[in-house]
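> I'd like to ask you about the structure that follows.
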Amino acid sequence: MGNRQSDHHSLLPCLPSFQALHIVILGLDCAGKTTVLYRLRFNEFVNTVPTKGFNSEKIRVSVGGRRRTTSFHFWDVGGQEKLRPLWRSYTRCADGIVFVVDSVDGERIEEAKTELHKITRLAENHGVPVLVVANKQDLRDSLSLAEMAAMLALHELSAGTPWHLQPACAIIGEGLQEGLEKLHAMIRKRRKLQRQQRKKR
Ligand code: G3D
Ligand code: MG
């Protein structure tokens, strides 16, 4: 575990390591990205510090009701404005994106929407499934899922981008397993489609 910095973002290997799914966790600063990562990694709450570079963890998770576990390689990238231009280096070749939104930060939800739409519109991210995590649902005054979906204009994401909006509370882990199941299902569906398209050619 660590809050690492890299000067070699453009050199990140394109190939995901040994069949692990390459998942990038994005979202504005303070949305709860690092809390999500460490909740998944240690199954407990870990006090976070602002992420200056990135955190990366490989985690095996049992998904899809299968006995075998699936390996996810998560990249949690700093969300401060000055760090957002780096997101693109991490989403290159991503199998999936987890986009964490603070459900009580109504003031910055427009900013979150802009960043979400910007990253999913990139040509190289076309078709990459997105799990939108409506985090901090434990707090009073959190926006409802319907409000979040409307304010983030999820239905306006490009037609080829599969997405799922998951209510969650990262500090106790609620909703995270369910969200990962959905993300995994979307990734598998996309891969199946890609295989079928390759066969047709
Ligand atoms: P980031 O990595 O997106 O920048 P962090 O965000 O994971 O560092 O979390 C930012 C703050 O939000 C942290 O509080 C963290 O404990 C809190 N947080 C994360 N998830 C939840 C949640 O589901 N519910 C609540 N109530 N708080 C959450 P501090 O106080 O350390 O800034
Ligand atoms: Mg962080």
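Scheme for the structure tokens: letters A, B, ... for chains in order shown; per-chain residue numbers from 1; ligand numbers from 1 in order shown.
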8 Å from ligand 1 is the threshold here; counting only C-alpha atoms and all ligand atoms, which polymer residues fall inside it? Answer as a count of residues only.
36
> Please extract the residues of segment 51-83 of chain A with a backbone DSSP assignment of strand (DSSP E or B) and present them as a list in words.
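Selecting the strand (DSSP E or B) positions of segment 51-83 of chain A gives Phe54, Asn55, Ser56, Glu57, Lys58, Ile59, Arg60, Val61, Thr70, Ser71, Phe72, His73, Phe74, Trp75, Asp76 and Val77 of chain A.
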> Can those selected residues be exported to a file as an mmCIF file, in the first residue's frame so that it contains C-alpha atoms?

```cif
data_model
loop_
_atom_site.group_PDB
_atom_site.id
_atom_site.type_symbol
_atom_site.label_atom_id
_atom_site.label_comp_id
_atom_site.auth_asym_id
_atom_site.auth_seq_id
_atom_site.Cartn_x
_atom_site.Cartn_y
_atom_site.Cartn_z
ATOM 1 C CA PHE A 54 -1.687 6.816 -7.466
ATOM 2 C CA ASN A 55 -2.361 3.756 -5.348
ATOM 3 C CA SER A 56 -2.363 0.340 -6.897
ATOM 4 C CA GLU A 57 -3.548 -2.986 -5.510
ATOM 5 C CA LYS A 58 -4.119 -6.403 -6.995
ATOM 6 C CA ILE A 59 -7.093 -8.035 -5.348
ATOM 7 C CA ARG A 60 -8.730 -11.414 -5.866
ATOM 8 C CA VAL A 61 -12.498 -11.261 -5.631
ATOM 9 C CA THR A 70 -11.098 -13.187 -10.409
ATOM 10 C CA SER A 71 -8.052 -11.023 -10.093
ATOM 11 C CA PHE A 72 -8.596 -7.266 -10.340
ATOM 12 C CA HIS A 73 -5.709 -4.856 -10.644
ATOM 13 C CA PHE A 74 -7.014 -1.531 -9.357
ATOM 14 C CA TRP A 75 -5.388 1.805 -10.081
ATOM 15 C CA ASP A 76 -6.636 4.596 -7.816
ATOM 16 C CA VAL A 77 -5.540 7.853 -9.381
#
```
> In terms of the shortest atom-to-atom distance over only C-alpha atoms and all ligand atoms, which of A:Gly64, A:Asn43, A:Leu83, A:Val130 is closest to ligand 2?
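Ranking A:Gly64, A:Asn43, A:Leu83, A:Val130 by distance to ligand 2, first place goes to A:Leu83.
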> Could you work out how far atom CA of Phe45 of chain A lies from atom CA of Met148 of chain A, giving the answer in Å with one decimal?
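Taking atom CA of Met148 of chain A and atom CA of Phe45 of chain A, their separation equals 24.8 Å.
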> As a PyMOL selection string, please: the residues near His155 of chain A (cut-off 12 Å, only C-alpha atoms, same-chain neighbours under 6 positions excluded).
chain A and resi 113+117+146+148-149+161-165
> Got time to write the residues from that selection, all heavy atoms, as a PDB file, in the first residue's frame?

```pdb
ATOM      1  N   LYS A 113     -19.706  15.331 -13.371  1.00  0.00           N
ATOM      2  CA  LYS A 113     -20.363  14.956 -14.644  1.00  0.00           C
ATOM      3  C   LYS A 113     -19.443  15.275 -15.829  1.00  0.00           C
ATOM      4  O   LYS A 113     -19.241  14.457 -16.726  1.00  0.00           O
ATOM      5  CB  LYS A 113     -21.683  15.724 -14.770  1.00  0.00           C
ATOM      6  CG  LYS A 113     -22.338  15.614 -16.125  1.00  0.00           C
ATOM      7  CD  LYS A 113     -23.456  16.633 -16.251  1.00  0.00           C
ATOM      8  CE  LYS A 113     -23.682  16.987 -17.700  1.00  0.00           C
ATOM      9  NZ  LYS A 113     -24.665  18.045 -17.879  1.00  0.00           N
ATOM     10  N   HIS A 117     -17.957  12.454 -18.361  1.00  0.00           N
ATOM     11  CA  HIS A 117     -18.277  12.453 -19.795  1.00  0.00           C
ATOM     12  C   HIS A 117     -17.018  12.625 -20.636  1.00  0.00           C
ATOM     13  O   HIS A 117     -16.888  12.030 -21.700  1.00  0.00           O
ATOM     14  CB  HIS A 117     -19.329  13.526 -20.107  1.00  0.00           C
ATOM     15  CG  HIS A 117     -20.708  13.108 -19.672  1.00  0.00           C
ATOM     16  ND1 HIS A 117     -21.703  12.768 -20.552  1.00  0.00           N
ATOM     17  CD2 HIS A 117     -21.232  12.938 -18.441  1.00  0.00           C
ATOM     18  CE1 HIS A 117     -22.789  12.411 -19.875  1.00  0.00           C
ATOM     19  NE2 HIS A 117     -22.534  12.525 -18.599  1.00  0.00           N
ATOM     20  N   ALA A 146     -31.826   8.413  -8.276  1.00  0.00           N
ATOM     21  CA  ALA A 146     -32.480   9.036  -9.438  1.00  0.00           C
ATOM     22  C   ALA A 146     -31.910  10.439  -9.658  1.00  0.00           C
ATOM     23  O   ALA A 146     -31.627  10.836 -10.802  1.00  0.00           O
ATOM     24  CB  ALA A 146     -33.983   9.098  -9.217  1.00  0.00           C
ATOM     25  N   MET A 148     -28.944  11.476  -8.740  1.00  0.00           N
ATOM     26  CA  MET A 148     -27.551  11.335  -9.203  1.00  0.00           C
ATOM     27  C   MET A 148     -27.516  11.004 -10.698  1.00  0.00           C
ATOM     28  O   MET A 148     -26.730  11.565 -11.449  1.00  0.00           O
ATOM     29  CB  MET A 148     -26.832  10.211  -8.440  1.00  0.00           C
ATOM     30  CG  MET A 148     -26.804  10.367  -6.958  1.00  0.00           C
ATOM     31  SD  MET A 148     -25.406  11.239  -6.303  1.00  0.00           S
ATOM     32  CE  MET A 148     -24.012  10.291  -6.682  1.00  0.00           C
ATOM     33  N   ALA A 149     -28.373  10.059 -11.096  1.00  0.00           N
ATOM     34  CA  ALA A 149     -28.395   9.643 -12.511  1.00  0.00           C
ATOM     35  C   ALA A 149     -28.724  10.839 -13.399  1.00  0.00           C
ATOM     36  O   ALA A 149     -28.093  11.036 -14.454  1.00  0.00           O
ATOM     37  CB  ALA A 149     -29.411   8.529 -12.718  1.00  0.00           C
ATOM     38  N   THR A 161     -21.247   2.914 -24.294  1.00  0.00           N
ATOM     39  CA  THR A 161     -20.634   2.801 -22.958  1.00  0.00           C
ATOM     40  C   THR A 161     -21.610   2.142 -21.983  1.00  0.00           C
ATOM     41  O   THR A 161     -22.562   2.766 -21.536  1.00  0.00           O
ATOM     42  CB  THR A 161     -20.254   4.204 -22.412  1.00  0.00           C
ATOM     43  OG1 THR A 161     -19.323   4.805 -23.307  1.00  0.00           O
ATOM     44  CG2 THR A 161     -19.636   4.115 -21.025  1.00  0.00           C
ATOM     45  N   PRO A 162     -21.342   0.873 -21.627  1.00  0.00           N
ATOM     46  CA  PRO A 162     -22.216   0.245 -20.629  1.00  0.00           C
ATOM     47  C   PRO A 162     -21.922   0.859 -19.260  1.00  0.00           C
ATOM     48  O   PRO A 162     -20.763   1.108 -18.935  1.00  0.00           O
ATOM     49  CB  PRO A 162     -21.791  -1.232 -20.638  1.00  0.00           C
ATOM     50  CG  PRO A 162     -20.728  -1.366 -21.672  1.00  0.00           C
ATOM     51  CD  PRO A 162     -20.252  -0.013 -22.041  1.00  0.00           C
ATOM     52  N   TRP A 163     -22.958   1.111 -18.471  1.00  0.00           N
ATOM     53  CA  TRP A 163     -22.722   1.684 -17.147  1.00  0.00           C
ATOM     54  C   TRP A 163     -23.720   1.130 -16.148  1.00  0.00           C
ATOM     55  O   TRP A 163     -24.789   0.646 -16.503  1.00  0.00           O
ATOM     56  CB  TRP A 163     -22.812   3.219 -17.195  1.00  0.00           C
ATOM     57  CG  TRP A 163     -24.114   3.769 -17.705  1.00  0.00           C
ATOM     58  CD1 TRP A 163     -24.412   4.077 -19.008  1.00  0.00           C
ATOM     59  CD2 TRP A 163     -25.308   4.042 -16.949  1.00  0.00           C
ATOM     60  NE1 TRP A 163     -25.713   4.527 -19.100  1.00  0.00           N
ATOM     61  CE2 TRP A 163     -26.290   4.522 -17.847  1.00  0.00           C
ATOM     62  CE3 TRP A 163     -25.647   3.938 -15.601  1.00  0.00           C
ATOM     63  CZ2 TRP A 163     -27.575   4.887 -17.455  1.00  0.00           C
ATOM     64  CZ3 TRP A 163     -26.926   4.307 -15.189  1.00  0.00           C
ATOM     65  CH2 TRP A 163     -27.871   4.781 -16.119  1.00  0.00           C
ATOM     66  N   HIS A 164     -23.338   1.235 -14.892  1.00  0.00           N
ATOM     67  CA  HIS A 164     -24.238   0.852 -13.808  1.00  0.00           C
ATOM     68  C   HIS A 164     -24.013   1.831 -12.663  1.00  0.00           C
ATOM     69  O   HIS A 164     -22.874   2.141 -12.320  1.00  0.00           O
ATOM     70  CB  HIS A 164     -23.944  -0.583 -13.349  1.00  0.00           C
ATOM     71  CG  HIS A 164     -24.706  -0.958 -12.118  1.00  0.00           C
ATOM     72  ND1 HIS A 164     -26.053  -1.255 -12.139  1.00  0.00           N
ATOM     73  CD2 HIS A 164     -24.334  -1.040 -10.810  1.00  0.00           C
ATOM     74  CE1 HIS A 164     -26.476  -1.534 -10.916  1.00  0.00           C
ATOM     75  NE2 HIS A 164     -25.453  -1.401 -10.078  1.00  0.00           N
ATOM     76  N   LEU A 165     -25.116   2.306 -12.082  1.00  0.00           N
ATOM     77  CA  LEU A 165     -25.016   3.237 -10.950  1.00  0.00           C
ATOM     78  C   LEU A 165     -25.256   2.458  -9.662  1.00  0.00           C
ATOM     79  O   LEU A 165     -26.316   1.848  -9.480  1.00  0.00           O
ATOM     80  CB  LEU A 165     -26.069   4.348 -11.112  1.00  0.00           C
ATOM     81  CG  LEU A 165     -26.169   5.372  -9.982  1.00  0.00           C
ATOM     82  CD1 LEU A 165     -24.849   6.125  -9.795  1.00  0.00           C
ATOM     83  CD2 LEU A 165     -27.299   6.377 -10.257  1.00  0.00           C
TER      84      LEU A 165
END
```
> Between A:Leu143, A:Ala20, A:Ile25, A:Ala123, which one has atoms that come closest to ligand 2, using only C-alpha atoms and all ligand atoms?
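That would be A:Ile25, the residue with the smallest distance to ligand 2.
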> Using DSSP on the backbone coordinates, identify the residues of segment 2-164 of chain A assigned to helix (DSSP H, G or I); present them as a compact mmCIF listing (two decimals) with N, CA and C atoms, in the first residue's frame.

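File written: selection-v7.txt
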```txt
# COMPACT_ATOMS: atom_id res chain seq x y z
N HIS A 9 4.07 8.03 -16.54
CA HIS A 9 2.70 7.62 -16.81
C HIS A 9 2.53 7.13 -18.24
N SER A 10 3.19 7.82 -19.17
CA SER A 10 3.01 7.44 -20.56
C SER A 10 3.65 6.09 -20.85
N LEU A 11 4.48 5.62 -19.92
CA LEU A 11 5.16 4.35 -20.15
C LEU A 11 4.46 3.18 -19.47
N SER A 17 -1.59 -7.03 -16.41
CA SER A 17 -0.69 -8.08 -15.96
C SER A 17 -1.43 -9.39 -15.74
N PHE A 18 -0.94 -10.45 -16.32
CA PHE A 18 -1.39 -11.82 -16.14
C PHE A 18 -2.87 -12.00 -15.86
N GLN A 19 -3.64 -11.62 -16.82
CA GLN A 19 -5.07 -11.89 -16.80
C GLN A 19 -5.85 -11.13 -15.73
N LYS A 33 -12.39 7.51 -3.36
CA LYS A 33 -11.74 6.50 -4.21
C LYS A 33 -10.79 5.61 -3.41
N THR A 34 -9.93 6.24 -2.62
CA THR A 34 -8.92 5.47 -1.88
C THR A 34 -9.59 4.64 -0.79
N THR A 35 -10.66 5.18 -0.21
CA THR A 35 -11.41 4.42 0.79
C THR A 35 -12.00 3.16 0.15
N VAL A 36 -12.52 3.32 -1.06
CA VAL A 36 -13.05 2.16 -1.80
C VAL A 36 -11.95 1.13 -2.00
N LEU A 37 -10.79 1.59 -2.48
CA LEU A 37 -9.69 0.67 -2.78
C LEU A 37 -9.28 -0.12 -1.53
N TYR A 38 -9.07 0.58 -0.43
CA TYR A 38 -8.57 -0.12 0.76
C TYR A 38 -9.65 -0.94 1.46
N ARG A 39 -10.90 -0.54 1.28
CA ARG A 39 -11.99 -1.36 1.81
C ARG A 39 -11.97 -2.71 1.06
N LEU A 40 -11.78 -2.64 -0.27
CA LEU A 40 -11.74 -3.88 -1.05
C LEU A 40 -10.51 -4.70 -0.71
N ARG A 41 -9.39 -4.01 -0.50
CA ARG A 41 -8.12 -4.71 -0.28
C ARG A 41 -8.04 -5.36 1.11
N PHE A 42 -8.42 -4.60 2.13
CA PHE A 42 -8.22 -5.09 3.50
C PHE A 42 -9.52 -5.48 4.20
N GLU A 81 -7.69 18.57 -9.50
CA GLU A 81 -7.79 19.09 -10.87
C GLU A 81 -6.47 18.97 -11.63
N LYS A 82 -5.37 19.29 -10.96
CA LYS A 82 -4.07 19.28 -11.66
C LYS A 82 -3.64 17.85 -12.04
N LEU A 83 -4.23 16.85 -11.38
CA LEU A 83 -3.83 15.47 -11.67
C LEU A 83 -4.73 14.82 -12.74
N ARG A 84 -5.87 15.46 -13.01
CA ARG A 84 -6.84 14.80 -13.91
C ARG A 84 -6.33 14.56 -15.34
N PRO A 85 -5.45 15.44 -15.86
CA PRO A 85 -4.93 15.15 -17.20
C PRO A 85 -4.20 13.81 -17.27
N LEU A 86 -3.78 13.29 -16.09
CA LEU A 86 -3.06 12.01 -16.08
C LEU A 86 -4.01 10.81 -16.19
N TRP A 87 -5.29 11.02 -15.95
CA TRP A 87 -6.22 9.90 -15.94
C TRP A 87 -6.12 9.09 -17.23
N ARG A 88 -5.95 9.83 -18.31
CA ARG A 88 -5.95 9.19 -19.63
C ARG A 88 -4.87 8.11 -19.75
N SER A 89 -3.73 8.35 -19.10
CA SER A 89 -2.65 7.37 -19.17
C SER A 89 -3.03 6.07 -18.48
N TYR A 90 -3.88 6.18 -17.47
CA TYR A 90 -4.27 4.99 -16.72
C TYR A 90 -5.43 4.25 -17.38
N THR A 91 -6.28 4.98 -18.09
CA THR A 91 -7.45 4.30 -18.68
C THR A 91 -7.09 3.61 -20.00
N GLY A 106 -23.28 18.14 -3.71
CA GLY A 106 -24.12 18.65 -4.80
C GLY A 106 -23.45 19.77 -5.58
N GLU A 107 -22.61 20.54 -4.86
CA GLU A 107 -21.97 21.70 -5.51
C GLU A 107 -21.02 21.28 -6.63
N ARG A 108 -20.38 20.11 -6.45
CA ARG A 108 -19.39 19.71 -7.45
C ARG A 108 -19.87 18.59 -8.36
N ILE A 109 -21.15 18.30 -8.32
CA ILE A 109 -21.61 17.16 -9.12
C ILE A 109 -21.55 17.49 -10.62
N GLU A 110 -21.73 18.77 -10.95
CA GLU A 110 -21.61 19.19 -12.35
C GLU A 110 -20.17 18.95 -12.84
N GLU A 111 -19.22 19.26 -11.95
CA GLU A 111 -17.80 19.05 -12.28
C GLU A 111 -17.53 17.54 -12.47
N ALA A 112 -18.13 16.73 -11.58
CA ALA A 112 -17.96 15.27 -11.70
C ALA A 112 -18.55 14.79 -13.03
N LYS A 113 -19.71 15.33 -13.37
CA LYS A 113 -20.36 14.96 -14.64
C LYS A 113 -19.44 15.28 -15.83
N THR A 114 -18.87 16.50 -15.81
CA THR A 114 -18.01 16.91 -16.91
C THR A 114 -16.82 15.95 -17.05
N GLU A 115 -16.21 15.60 -15.91
CA GLU A 115 -15.04 14.71 -15.98
C GLU A 115 -15.42 13.31 -16.44
N LEU A 116 -16.56 12.83 -15.95
CA LEU A 116 -17.02 11.49 -16.35
C LEU A 116 -17.27 11.43 -17.86
N HIS A 117 -17.96 12.45 -18.36
CA HIS A 117 -18.28 12.45 -19.80
C HIS A 117 -17.02 12.62 -20.64
N LYS A 118 -16.09 13.44 -20.11
CA LYS A 118 -14.84 13.68 -20.85
C LYS A 118 -14.04 12.38 -21.01
N ILE A 119 -13.92 11.64 -19.92
CA ILE A 119 -13.07 10.43 -19.97
C ILE A 119 -13.74 9.31 -20.78
N THR A 120 -15.07 9.23 -20.71
CA THR A 120 -15.73 8.15 -21.46
C THR A 120 -15.84 8.47 -22.95
N ARG A 121 -15.72 9.76 -23.28
CA ARG A 121 -15.82 10.15 -24.70
C ARG A 121 -14.53 9.88 -25.47
N ALA A 123 -11.72 8.29 -27.52
CA ALA A 123 -11.86 7.18 -28.48
C ALA A 123 -11.36 5.86 -27.89
N GLU A 124 -10.23 5.92 -27.17
CA GLU A 124 -9.65 4.66 -26.66
C GLU A 124 -10.49 4.05 -25.53
N ASN A 125 -11.41 4.84 -24.98
CA ASN A 125 -12.26 4.31 -23.91
C ASN A 125 -13.64 3.90 -24.42
N LEU A 145 -30.51 8.05 -5.85
CA LEU A 145 -29.93 7.49 -7.08
C LEU A 145 -30.52 8.16 -8.31
N ALA A 146 -31.83 8.41 -8.28
CA ALA A 146 -32.48 9.04 -9.44
C ALA A 146 -31.91 10.44 -9.66
N GLU A 147 -31.71 11.18 -8.56
CA GLU A 147 -31.13 12.53 -8.69
C GLU A 147 -29.70 12.45 -9.24
N MET A 148 -28.94 11.48 -8.74
CA MET A 148 -27.55 11.34 -9.20
C MET A 148 -27.52 11.00 -10.70
N ALA A 149 -28.37 10.06 -11.10
CA ALA A 149 -28.39 9.64 -12.51
C ALA A 149 -28.72 10.84 -13.40
N ALA A 150 -29.68 11.66 -12.94
CA ALA A 150 -30.08 12.82 -13.75
C ALA A 150 -28.97 13.87 -13.75
N MET A 151 -28.40 14.16 -12.58
CA MET A 151 -27.39 15.23 -12.51
C MET A 151 -26.09 14.85 -13.22
N LEU A 154 -26.35 10.38 -16.90
CA LEU A 154 -25.82 9.05 -17.26
C LEU A 154 -26.45 8.53 -18.56
N HIS A 155 -27.72 8.91 -18.78
CA HIS A 155 -28.37 8.42 -19.99
C HIS A 155 -27.84 9.10 -21.25
N GLU A 156 -27.02 10.13 -21.05
CA GLU A 156 -26.41 10.80 -22.21
C GLU A 156 -24.99 10.31 -22.49
```
> When you look at Lys182 of chain A with a cut-off of 8 Å (counting only C-alpha atoms), what residues show up, excluding the ones that are within fewer than 4 positions of it in the same chain? I need them as a list in words.
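Within the cut-off, the hits are Leu131, His164, Glu178 and Met186 of chain A.
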